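Report on one structure; see the data block that follows.
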Amino acid sequence: MDTNRIEKQIVLRAPRSRVWRALTDHEEFGVWFGMTMDRPFQPGVMLSAVITTTQVDPVVAAAQKPYEGTRFEIAVDRMEPETLFSFRWHPFAVDKSVDYSGEPMTLVEFRLEEAEGGVLLKVSESGFDQLPLERRAKAFQSNDNGWGMVIKLVETYLAHGT
């Protein structure tokens, strides 16, 4: 089992341009993902984000509730229109008493490809092996579960015509 990389994928029944907007418009992203950001996504920009709760699934929103208000940073890496959106962050950085700024960040990538009946969204997060040993397994497990939920959240968000 690869403990350095998480990979999830889903075929979304929406136009590629619509999927791209849901991923890269910081306000739309915040609605389905469950966060607010202080500025739009832009390559090379460091954003400040706060965990809120998703507006598309009450069960996931309830799971996010204990972390509501937690602040973290997102370093936008690349934005290749309708193909690749990537950023770096500190995974599972939810303990408000810990300063994660000295730790390496993992790389999150959203890749879009044509697929039968829609758009294939591939989500990956890599770089867990560089995290401090005491956090590595928990961050990996939490985010492995989380990305499984995230791909369903974006699917639900797009399915409701928003």
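Each chain in the structure tokens gets a letter, A, B, ..., in the order shown, and its residues are numbered from 1; ligands are numbered from 1 in order too.
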Open item on the list: Neighbouring residues of stretch 77-89 of chain A were defined as those with any atom within 7 Å, considering only C-alpha atoms; residues of the same chain fewer than 3 positions away were excluded. Please report them as a VMD selection string.
Closed with: chain A and resid 16 to 17 20 43 to 44 73 to 74 105 to 113
TODO: Work out how far atom CA of A:Val119 is from atom CA of A:Val154, in Å to one decimal.
DONE: 12.2 Å
Task: DSSP alpha helix (DSSP H) selection over chain A, as a ChimeraX atom specification - done: /A:16-24,26-33,58-64,133-159
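Nearest to A:Phe33 of all the residues A:Val150, A:Ala63, A:Leu120, A:Met46 is A:Val150, counting only C-alpha atoms.
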